[in-house]
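Take a look at the structure below.
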Amino acid sequence: QVQLVESGGGLVQPGGSLRLSCTASGSIFSIDVMGWYRQAPGKQRELVASIRDSGTTTYVGSVKGRFTISKDNAKNTVYLQMNSLKPEDTADYYCNVRNRITSTVYWGQGTQVTVSS
């Protein structure tokens, strides 16, 4: 089992920045991919960014150049630095990790990001 605790959401003006954090505990030795998803009202959940244990990152096109995913292995934490935020970035953001052995996926409780003037 893996437990995920997220933090860092909030209200920010367009053009502003936020940093989301997600700390994992439990059976973390088997995690190979960590990522952030988001779900806006009335829309499907989408992958925003992911980072593999090798350090390889991927981003959805709409956030490339604005968001950066990173991780601190010593703290078992993955971050999502979000810059130049736009109203369309408004959503609930969810941390996600995958167990490499069982392919089980674990989700955080979600943190709300609202971009509005």
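Identifiers in this document derive from the order of the structure tokens: chains are assigned A, B, ..., residues are numbered from 1 separately in each chain, and ligands are numbered from 1 in order of occurrence.
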message: Report as a PyMOL selection string all protein, DNA and RNA residues lying within 12 Å of Asp32 of chain A, evaluated on only C-alpha atoms, omitting residues in the same chain fewer than 2 positions from it.
response: chain A and resi 27-30+34-35+50-56+71+73+76+96-106
field: Residues near segment 36-38 of chain A, cut-off 6 Å, only C-alpha atoms, skip fewer than 5 positions along chain, as a ChimeraX atom specification
entry: /A:45-49,91-96
Spatial neighbours of segment 63-69 of chain A, 6 Å, only C-alpha atoms, chain gap at least 6 places, as an mmCIF file with N, CA, C and O atoms, in the first residue's frame:
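The resulting file, part16.cif, is shown below:
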```
data_model
loop_
_atom_site.group_PDB
_atom_site.id
_atom_site.type_symbol
_atom_site.label_atom_id
_atom_site.label_comp_id
_atom_site.auth_asym_id
_atom_site.auth_seq_id
_atom_site.Cartn_x
_atom_site.Cartn_y
_atom_site.Cartn_z
ATOM 1 N N TYR A 79 6.945 17.037 -6.965
ATOM 2 C CA TYR A 79 6.484 18.421 -7.031
ATOM 3 C C TYR A 79 5.960 18.748 -8.425
ATOM 4 O O TYR A 79 6.401 18.166 -9.418
ATOM 5 N N LEU A 80 5.069 19.703 -8.476
ATOM 6 C CA LEU A 80 4.641 20.275 -9.748
ATOM 7 C C LEU A 80 4.706 21.788 -9.614
ATOM 8 O O LEU A 80 3.882 22.392 -8.930
ATOM 9 N N GLN A 81 5.717 22.370 -10.226
ATOM 10 C CA GLN A 81 5.855 23.828 -10.250
ATOM 11 C C GLN A 81 5.044 24.348 -11.421
ATOM 12 O O GLN A 81 5.297 23.973 -12.575
ATOM 13 N N MET A 82 4.097 25.197 -11.128
ATOM 14 C CA MET A 82 3.198 25.723 -12.159
ATOM 15 C C MET A 82 3.392 27.226 -12.274
ATOM 16 O O MET A 82 3.117 27.967 -11.321
ATOM 17 N N ASN A 83 3.880 27.662 -13.419
ATOM 18 C CA ASN A 83 4.110 29.080 -13.685
ATOM 19 C C ASN A 83 3.185 29.550 -14.804
ATOM 20 O O ASN A 83 2.630 28.747 -15.549
#
```
task: Considering only C-alpha atoms, state which residue in the set A:Ser21, A:Gln3, A:Thr114, A:Gln44 is at the smallest distance from Glu88 of chain A.
output: A:Thr114
task: To one decimal in Å, tell me the separation between atom CA of Val33 of chain A and atom CA of Val115 of chain A.
output: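 Computing it gives 27.5 Å between the two atoms.
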- prompt: Restricting the calculation to only C-alpha atoms, which member of A:Tyr59, A:Gly108, A:Leu85, A:Ser70 is positioned closest to Gly10 of chain A?
  reply: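 With only C-alpha atoms as the atom set, the closest residue is A:Leu85.
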message: If I take atom CA of Ser84 of chain A and atom CA of Val5 of chain A, how far is one from the other in Å, to one decimal?
response: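 Spanning atom CA of Ser84 of chain A to atom CA of Val5 of chain A is a straight-line distance of 24.8 Å.
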